[in-house]
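Data file: entry37.pdb. Format and content: PDB, C-alpha atoms.
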ATOM      1  CA  MET A   1     -26.081  10.905   1.710
ATOM      2  CA  ALA A   2     -27.982   7.638   1.290
ATOM      3  CA  ARG A   3     -28.450   5.378   4.295
ATOM      4  CA  TYR A   4     -30.608   2.452   5.277
ATOM      5  CA  THR A   5     -33.710   3.536   7.217
ATOM      6  CA  GLY A   6     -35.641   0.266   7.323
ATOM      7  CA  PRO A   7     -36.016  -2.240  10.194
ATOM      8  CA  ALA A   8     -32.612  -3.237  11.592
ATOM      9  CA  CYS A   9     -33.860  -6.659  12.677
ATOM     10  CA  ARG A  10     -34.726  -7.451   9.070
ATOM     11  CA  LEU A  11     -31.025  -7.219   8.191
ATOM     12  CA  CYS A  12     -30.105  -9.727  10.901
ATOM     13  CA  ARG A  13     -32.765 -12.149   9.673
ATOM     14  CA  ARG A  14     -31.539 -11.792   6.086
ATOM     15  CA  GLU A  15     -28.006 -12.732   7.112
ATOM     16  CA  LYS A  16     -29.337 -15.446   9.470
ATOM     17  CA  VAL A  17     -27.049 -14.255  12.264
ATOM     18  CA  LYS A  18     -27.096 -11.578  14.970
ATOM     19  CA  LEU A  19     -25.449  -8.381  13.749
ATOM     20  CA  PHE A  20     -26.032  -6.591  17.096
ATOM     21  CA  LEU A  21     -27.602  -3.546  15.440
ATOM     22  CA  LYS A  22     -30.091  -2.845  18.248
ATOM     23  CA  GLY A  23     -27.899  -2.911  21.348
ATOM     24  CA  ALA A  24     -29.501  -4.561  24.382
ATOM     25  CA  ARG A  25     -32.483  -5.824  22.367
ATOM     26  CA  CYS A  26     -30.174  -8.247  20.553
ATOM     27  CA  GLU A  27     -29.370  -9.907  23.890
ATOM     28  CA  SER A  28     -33.022 -10.216  24.933
ATOM     29  CA  PRO A  29     -35.760 -12.739  23.993
ATOM     30  CA  LYS A  30     -37.259  -9.999  21.795
ATOM     31  CA  CYS A  31     -34.438 -10.467  19.266
ATOM     32  CA  ALA A  32     -35.931 -11.246  15.848
ATOM     33  CA  ILE A  33     -33.410 -14.045  15.242
ATOM     34  CA  GLU A  34     -34.648 -15.825  18.364
ATOM     35  CA  ARG A  35     -38.295 -15.602  17.320
ATOM     36  CA  ARG A  36     -38.005 -16.034  13.545
ATOM     37  CA  PRO A  37     -34.658 -17.596  12.604
ATOM     38  CA  PHE A  38     -35.225 -17.459   8.860
ATOM     39  CA  PRO A  39     -34.883 -14.728   6.177
ATOM     40  CA  PRO A  40     -37.719 -12.208   5.816
ATOM     41  CA  GLY A  41     -40.298 -12.307   3.050
ATOM     42  CA  ASP A  42     -42.995 -14.700   1.856
ATOM     43  CA  HIS A  43     -40.379 -17.235   0.745
ATOM     44  CA  GLY A  44     -37.951 -16.696   3.613
ATOM     45  CA  ARG A  45     -38.015 -20.302   4.769
ATOM     46  CA  ASP A  46     -37.083 -21.451   1.257
ATOM     47  CA  ARG A  47     -33.840 -19.449   1.485
ATOM     48  CA  MET A  48     -32.569 -21.525   4.393
ATOM     49  CA  ARG A  49     -30.904 -24.011   2.051
ATOM     50  CA  GLN A  50     -27.240 -23.638   1.135
ATOM     51  CA  GLY A  51     -26.633 -21.425  -1.912
ATOM     52  CA  SER A  52     -23.855 -21.215  -4.467
ATOM     53  CA  GLU A  53     -20.262 -20.212  -3.807
ATOM     54  CA  TYR A  54     -20.982 -16.724  -5.139
ATOM     55  CA  GLN A  55     -23.982 -16.356  -2.862
ATOM     56  CA  THR A  56     -21.920 -17.381   0.167
ATOM     57  CA  GLN A  57     -19.292 -14.764  -0.679
ATOM     58  CA  LEU A  58     -21.916 -12.091  -1.345
ATOM     59  CA  ARG A  59     -23.699 -12.730   1.945
ATOM     60  CA  GLU A  60     -20.391 -12.458   3.838
ATOM     61  CA  LYS A  61     -19.706  -9.096   2.202
ATOM     62  CA  GLN A  62     -23.212  -7.870   2.976
ATOM     63  CA  LYS A  63     -22.868  -9.027   6.564
ATOM     64  CA  ALA A  64     -19.644  -7.050   7.044
ATOM     65  CA  ARG A  65     -21.185  -3.957   5.444
ATOM     66  CA  ARG A  66     -24.214  -4.100   7.689
ATOM     67  CA  ILE A  67     -22.287  -4.736  10.882
ATOM     68  CA  TYR A  68     -20.187  -1.612  10.368
ATOM     69  CA  GLY A  69     -22.921   0.450   8.668
ATOM     70  CA  VAL A  70     -20.962   1.118   5.467
ATOM     71  CA  LEU A  71     -22.487   1.776   2.049
ATOM     72  CA  GLU A  72     -21.513  -0.282  -0.984
ATOM     73  CA  ARG A  73     -19.332   2.329  -2.659
ATOM     74  CA  GLN A  74     -17.574   3.149   0.618
ATOM     75  CA  PHE A  75     -16.938  -0.530   1.226
ATOM     76  CA  ARG A  76     -15.582  -1.116  -2.272
ATOM     77  CA  ASN A  77     -13.238   1.874  -1.982
ATOM     78  CA  MET A  78     -11.971   0.599   1.380
ATOM     79  CA  TYR A  79     -11.332  -2.826  -0.136
ATOM     80  CA  GLU A  80      -9.333  -1.327  -3.000
ATOM     81  CA  GLU A  81      -7.258   0.701  -0.533
ATOM     82  CA  ALA A  82      -6.716  -2.389   1.634
ATOM     83  CA  ASN A  83      -5.626  -4.328  -1.459
ATOM     84  CA  ARG A  84      -2.948  -1.734  -2.222
ATOM     85  CA  GLN A  85      -1.489  -1.932   1.271
ATOM     86  CA  ALA A  86       1.182  -4.400   2.324
ATOM     87  CA  GLY A  87      -0.009  -7.450   4.227
ATOM     88  CA  ILE A  88      -3.149  -9.577   4.062
ATOM     89  CA  THR A  89      -5.931  -7.740   2.241
ATOM     90  CA  GLY A  90      -8.776  -9.123   4.358
ATOM     91  CA  GLU A  91      -7.103  -8.198   7.622
ATOM     92  CA  ASN A  92      -6.252  -4.737   6.280
ATOM     93  CA  LEU A  93      -9.923  -4.236   5.441
ATOM     94  CA  LEU A  94     -11.129  -5.237   8.905
ATOM     95  CA  ARG A  95      -8.478  -3.036  10.502
ATOM     96  CA  MET A  96      -9.681  -0.023   8.503
ATOM     97  CA  LEU A  97     -13.275  -0.710   9.534
ATOM     98  CA  GLU A  98     -12.288  -0.997  13.193
ATOM     99  CA  LEU A  99     -10.430   2.321  13.107
ATOM    100  CA  ARG A 100     -13.511   4.311  12.071
ATOM    101  CA  VAL A 101     -14.385   6.799  14.794
ATOM    102  CA  ASP A 102     -17.964   5.516  15.081
ATOM    103  CA  ASN A 103     -16.699   1.984  15.686
ATOM    104  CA  VAL A 104     -14.194   3.159  18.306
ATOM    105  CA  THR A 105     -17.017   5.114  19.970
ATOM    106  CA  TYR A 106     -18.953   1.844  20.119
ATOM    107  CA  ARG A 107     -15.929  -0.101  21.394
ATOM    108  CA  ALA A 108     -15.436   2.540  24.107
ATOM    109  CA  MET A 109     -18.994   1.760  25.323
ATOM    110  CA  PHE A 110     -20.236   5.296  24.691
ATOM    111  CA  GLY A 111     -22.999   3.732  22.568
ATOM    112  CA  THR A 112     -24.956   0.489  22.922
ATOM    113  CA  SER A 113     -24.679  -0.175  19.185
ATOM    114  CA  ARG A 114     -22.718   1.143  16.242
ATOM    115  CA  THR A 115     -25.861   2.907  15.062
ATOM    116  CA  GLN A 116     -26.139   4.826  18.317
ATOM    117  CA  ALA A 117     -22.388   5.500  18.309
ATOM    118  CA  ARG A 118     -22.672   6.904  14.782
ATOM    119  CA  GLN A 119     -25.423   9.221  15.952
ATOM    120  CA  LEU A 120     -23.306  10.429  18.884
ATOM    121  CA  VAL A 121     -20.504  11.289  16.474
ATOM    122  CA  SER A 122     -22.812  13.026  13.988
ATOM    123  CA  HIS A 123     -24.360  15.136  16.751
ATOM    124  CA  GLY A 124     -20.991  16.393  17.964
ATOM    125  CA  HIS A 125     -20.719  14.498  21.258
ATOM    126  CA  VAL A 126     -17.320  12.961  20.402
ATOM    127  CA  LEU A 127     -13.894  14.608  20.267
ATOM    128  CA  VAL A 128     -10.710  13.352  18.609
ATOM    129  CA  ASN A 129      -7.565  14.768  20.192
ATOM    130  CA  GLY A 130      -9.721  17.479  21.765
ATOM    131  CA  LYS A 131     -11.370  18.571  18.501
ATOM    132  CA  ARG A 132     -14.955  17.860  17.540
ATOM    133  CA  VAL A 133     -15.380  15.308  14.742
ATOM    134  CA  THR A 134     -18.796  14.818  13.157
ATOM    135  CA  ILE A 135     -17.846  12.433  10.344
ATOM    136  CA  PRO A 136     -18.492   8.811  11.435
ATOM    137  CA  SER A 137     -16.113   7.417   8.799
ATOM    138  CA  TYR A 138     -13.153   9.482  10.073
ATOM    139  CA  ARG A 139     -10.232   7.083  10.374
ATOM    140  CA  LEU A 140      -8.115   7.131  13.501
ATOM    141  CA  ARG A 141      -4.382   6.563  13.919
ATOM    142  CA  VAL A 142      -2.191   5.156  16.649
ATOM    143  CA  GLY A 143      -1.938   7.695  19.450
ATOM    144  CA  ASP A 144      -5.281   9.383  18.776
ATOM    145  CA  VAL A 145      -7.544   9.945  21.784
ATOM    146  CA  VAL A 146     -11.316   9.658  21.392
ATOM    147  CA  SER A 147     -13.236  11.340  24.204
ATOM    148  CA  LEU A 148     -16.670  12.613  25.119
ATOM    149  CA  ALA A 149     -17.270  16.343  24.825
ATOM    150  CA  PRO A 150     -17.382  17.987  28.297
ATOM    151  CA  LYS A 151     -21.065  18.937  27.994
ATOM    152  CA  SER A 152     -21.970  15.442  26.766
ATOM    153  CA  ARG A 153     -20.535  13.497  29.694
ATOM    154  CA  ASP A 154     -23.600  14.109  31.877
ATOM    155  CA  LEU A 155     -26.168  13.027  29.284
ATOM    156  CA  ILE A 156     -28.415  10.352  30.767
ATOM    157  CA  THR A 157     -28.051   8.017  27.789
ATOM    158  CA  ILE A 158     -24.253   8.138  27.799
ATOM    159  CA  ARG A 159     -23.966   7.762  31.586
ATOM    160  CA  GLN A 160     -26.333   4.799  31.487
ATOM    161  CA  ASN A 161     -24.301   3.176  28.724
ATOM    162  CA  LEU A 162     -21.028   3.571  30.610
ATOM    163  CA  ASP A 163     -22.581   2.226  33.817
ATOM    164  CA  THR A 164     -24.490  -0.742  32.389
ATOM    165  CA  ILE A 165     -22.720  -2.024  29.272
ATOM    166  CA  ASP A 166     -20.687  -5.105  30.149
ATOM    167  CA  ARG A 167     -18.418  -5.387  27.133
ATOM    168  CA  PRO A 168     -14.621  -5.700  27.288
ATOM    169  CA  ILE A 169     -12.552  -2.988  25.641
ATOM    170  CA  PRO A 170     -10.254  -4.494  22.959
ATOM    171  CA  GLY A 171      -6.574  -4.753  23.742
ATOM    172  CA  TRP A 172      -5.654  -2.206  21.076
ATOM    173  CA  LEU A 173      -7.572   0.466  22.993
ATOM    174  CA  GLU A 174      -6.652   1.987  26.348
ATOM    175  CA  SER A 175      -9.284   3.513  28.622
ATOM    176  CA  GLU A 176      -8.483   6.966  30.024
ATOM    177  CA  ASP A 177     -10.115   9.737  32.050
ATOM    178  CA  SER A 178     -12.257   7.381  34.162
ATOM    179  CA  GLY A 179     -13.766   5.771  31.088
ATOM    180  CA  ASN A 180     -14.640   9.034  29.354
ATOM    181  CA  ALA A 181     -11.906   8.596  26.755
ATOM    182  CA  VAL A 182      -9.965   5.874  24.942
ATOM    183  CA  LYS A 183      -6.556   5.986  23.285
ATOM    184  CA  ILE A 184      -5.504   4.034  20.185
ATOM    185  CA  ARG A 185      -2.488   2.251  21.611
ATOM    186  CA  ALA A 186      -1.799   0.035  18.565
ATOM    187  CA  LEU A 187      -3.271  -1.124  15.284
ATOM    188  CA  PRO A 188      -5.827  -3.903  15.867
ATOM    189  CA  GLU A 189      -4.620  -7.417  15.067
ATOM    190  CA  ARG A 190      -6.987 -10.006  13.597
ATOM    191  CA  GLU A 191      -7.205 -11.997  16.836
ATOM    192  CA  GLN A 192      -8.304  -8.809  18.642
ATOM    193  CA  ILE A 193     -11.255  -8.257  16.301
ATOM    194  CA  ASP A 194     -14.246 -10.248  17.509
ATOM    195  CA  THR A 195     -16.445  -9.497  14.489
ATOM    196  CA  GLN A 196     -17.692 -12.814  13.097
ATOM    197  CA  VAL A 197     -16.734 -12.186   9.469
ATOM    198  CA  ARG A 198     -14.809 -14.482   7.134
ATOM    199  CA  GLU A 199     -12.874 -11.770   5.375
ATOM    200  CA  GLN A 200     -11.258 -14.195   2.910
ATOM    201  CA  LEU A 201     -14.651 -14.734   1.254
ATOM    202  CA  ILE A 202     -14.938 -10.978   0.714
ATOM    203  CA  VAL A 203     -11.511 -10.913  -0.916
ATOM    204  CA  GLU A 204     -12.495 -13.815  -3.176
ATOM    205  CA  LEU A 205     -15.695 -12.008  -4.182
ATOM    206  CA  TYR A 206     -13.939  -8.787  -5.167
ATOM    207  CA  SER A 207     -11.087 -10.638  -6.850
ATOM    208  CA  LYS A 208     -13.332 -12.097  -9.562
TER     209      LYS A 208
END
If you convert what's in this file into structure tokens, what do you get?
Amino acid sequence: MARYTGPACRLCRREKVKLFLKGARCESPKCAIERRPFPPGDHGRDRMRQGSEYQTQLREKQKARRIYGVLERQFRNMYEEANRQAGITGENLLRMLELRVDNVTYRAMFGTSRTQARQLVSHGHVLVNGKRVTIPSYRLRVGDVVSLAPKSRDLITIRQNLDTIDRPIPGWLESEDSGNAVKIRALPEREQIDTQVREQLIVELYSK
């Protein structure tokens, strides 16, 4: 399956905003946005000016894709599913992205970034309702419990993350088992999703 393997900081610079793809590095002075707050490339500084309406919508879609680590076809399919559901399409889309098991692993502070959380899932360190799940895009439901596998709880990386990450757990999640598990207590509401994405622009882009 295709995936982006280039520099993560380049994506943040292209979107001209922190996407928090590198965990603690994004909070440090080493963050690329802090040192070079303009798009990459020879003509990066020329792209600082405001673009067209289409460009604004496209950049918002790309930003959402890159934050959650979703490929274009996956993202388009999720949008079409969100559009068929009752309610506001943009909020449905964000809710579906939040309920991915790799994102919940990140929200539970098992990983410093969504990239690391995705790797933990792929390598079999995460259980859903007691069963191993290795598909990062697996969508969770209300009542599901995401936990660390028993043999994974003593890994140095995971223990360090749980001890050092200072990030609040969203209200739609409930911490269990001394922080080694989280339960989906409710569907996430828009005000509980802190991702800085203007979902209406994405809807406008796909509605053309």
Could you state the separation of atom CA of Pro168 of chain A and atom CA of Val133 of chain A in Å, given to one decimal place?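 These atoms are spaced 24.5 Å apart.
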Have a look at A:Thr89, A:Phe110, A:Leu94, A:Asn77 and name the one nearest to Asn161 of chain A; count all atoms listed in the file. A:Phe110
Counting all atoms listed in the file, closest pick from A:Leu71, A:Met109, A:Ala86, A:Leu58 relative to Thr164 of chain A is A:Met109
Could you spell out the hits of the PyMOL selection byres ((chain A and resi 174) around 10) on the shown file, as JSON, numbers by chain? {"A": [108, 145, 169, 170, 171, 172, 173, 175, 176, 179, 181, 182, 183, 184, 185, 186]}
Just say which residues the PyMOL selection byres ((chain A and resi 114-129) around 7) picks in this file, as a ChimeraX atom specification. /A:21,68,102-103,105-106,110-113,130-136,144-149,152
I'd like the residues picked by the PyMOL selection byres ((chain A and resi 72) around 12) written out as a list of chain:residue names, using the chain letters and numbers from the file. A:Ala2, A:Arg3, A:Tyr4, A:Leu58, A:Lys61, A:Gln62, A:Lys63, A:Ala64, A:Arg65, A:Arg66, A:Tyr68, A:Gly69, A:Val70, A:Leu71, A:Arg73, A:Gln74, A:Phe75, A:Arg76, A:Asn77, A:Met78, A:Tyr79
How far is it from atom CA of Arg84 of chain A to atom CA of Ser52 of chain A, in Å with one decimal? 28.7 Å
Which value, in Å to one decimal, gives the distance between atom CA of Val101 of chain A and atom CA of Arg141 of chain A?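 Here the two named atoms are 10.0 Å from each other.
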Between A:Asp177, A:Glu204, A:Asp166, A:Glu98, which one has atoms that come closest to Gln192 of chain A, using all atoms listed in the file?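 The closest residue to Gln192 of chain A is A:Glu98.
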Selection: 9 Å around Asn92 of chain A, only C-alpha atoms, excl. self and same-chain fewer than 3 positions, as a PyMOL selection string: chain A and resi 79+81-83+85-89+95-97
At a cut-off of 9 Å from (-12.5, -12.2, 6.9) in the coordinates of the file, what residues are picked up using only C-alpha atoms, written as a list in words?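 Using only C-alpha atoms, the matching residues come out as Glu60, Ala64, Gly90, Glu91, Leu93, Leu94, Arg190, Thr195, Gln196, Val197, Arg198, Glu199, Gln200, Leu201, Ile202 and Val203 of chain A.
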Box dimensions and centre (Å, one decimal) enclosing segment 142-152 of chain A, axis-aligned, 8 Å extra per side, as AutoDock Vina command-line options:
--center_x -12.0 --center_y 12.0 --center_z 22.5 --size_x 36.0 --size_y 29.8 --size_z 27.6
Shortest interatomic distance to Ser207 of chain A - which of A:Ser178, A:Gln57, A:Pro150, A:Ile158, counting only C-alpha atoms: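 Comparing A:Ser178, A:Gln57, A:Pro150, A:Ile158 against Ser207 of chain A, the winner is A:Gln57.
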As a short mmCIF file (atom, residue, chain, number, x, y, z; two decimals), in the coordinates of the input, please: segment 134-145 of chain A completed to N, CA, C and O atoms.
data_model
loop_
_atom_site.label_atom_id
_atom_site.label_comp_id
_atom_site.auth_asym_id
_atom_site.auth_seq_id
_atom_site.Cartn_x
_atom_site.Cartn_y
_atom_site.Cartn_z
N THR A 134 -17.41 15.20 13.42
CA THR A 134 -18.80 14.82 13.16
C THR A 134 -18.94 13.89 11.95
O THR A 134 -20.04 13.68 11.46
N ILE A 135 -17.83 13.35 11.49
CA ILE A 135 -17.85 12.43 10.34
C ILE A 135 -17.61 11.02 10.87
O ILE A 135 -16.49 10.69 11.28
N PRO A 136 -18.64 10.16 10.87
CA PRO A 136 -18.49 8.81 11.44
C PRO A 136 -17.40 7.97 10.78
O PRO A 136 -16.82 7.10 11.42
N SER A 137 -17.11 8.22 9.51
CA SER A 137 -16.11 7.42 8.80
C SER A 137 -14.69 7.91 9.02
O SER A 137 -13.75 7.32 8.46
N TYR A 138 -14.50 8.96 9.81
CA TYR A 138 -13.15 9.48 10.07
C TYR A 138 -12.27 8.37 10.61
O TYR A 138 -12.63 7.68 11.57
N ARG A 139 -11.11 8.19 9.99
CA ARG A 139 -10.23 7.08 10.37
C ARG A 139 -9.17 7.55 11.37
O ARG A 139 -8.49 8.55 11.16
N LEU A 140 -9.04 6.79 12.43
CA LEU A 140 -8.12 7.13 13.50
C LEU A 140 -6.74 6.51 13.28
O LEU A 140 -6.59 5.56 12.52
N ARG A 141 -5.76 7.05 14.00
CA ARG A 141 -4.38 6.56 13.92
C ARG A 141 -3.89 6.22 15.32
O ARG A 141 -4.50 6.60 16.32
N VAL A 142 -2.79 5.51 15.36
CA VAL A 142 -2.19 5.16 16.65
C VAL A 142 -1.82 6.44 17.39
O VAL A 142 -1.20 7.34 16.82
N GLY A 143 -2.21 6.52 18.64
CA GLY A 143 -1.94 7.70 19.45
C GLY A 143 -3.11 8.65 19.57
O GLY A 143 -3.12 9.52 20.47
N ASP A 144 -4.11 8.51 18.70
CA ASP A 144 -5.28 9.38 18.78
C ASP A 144 -6.09 9.07 20.03
O ASP A 144 -6.17 7.91 20.46
N VAL A 145 -6.70 10.09 20.59
CA VAL A 145 -7.54 9.94 21.78
C VAL A 145 -8.97 10.34 21.42
O VAL A 145 -9.21 11.45 20.95
#
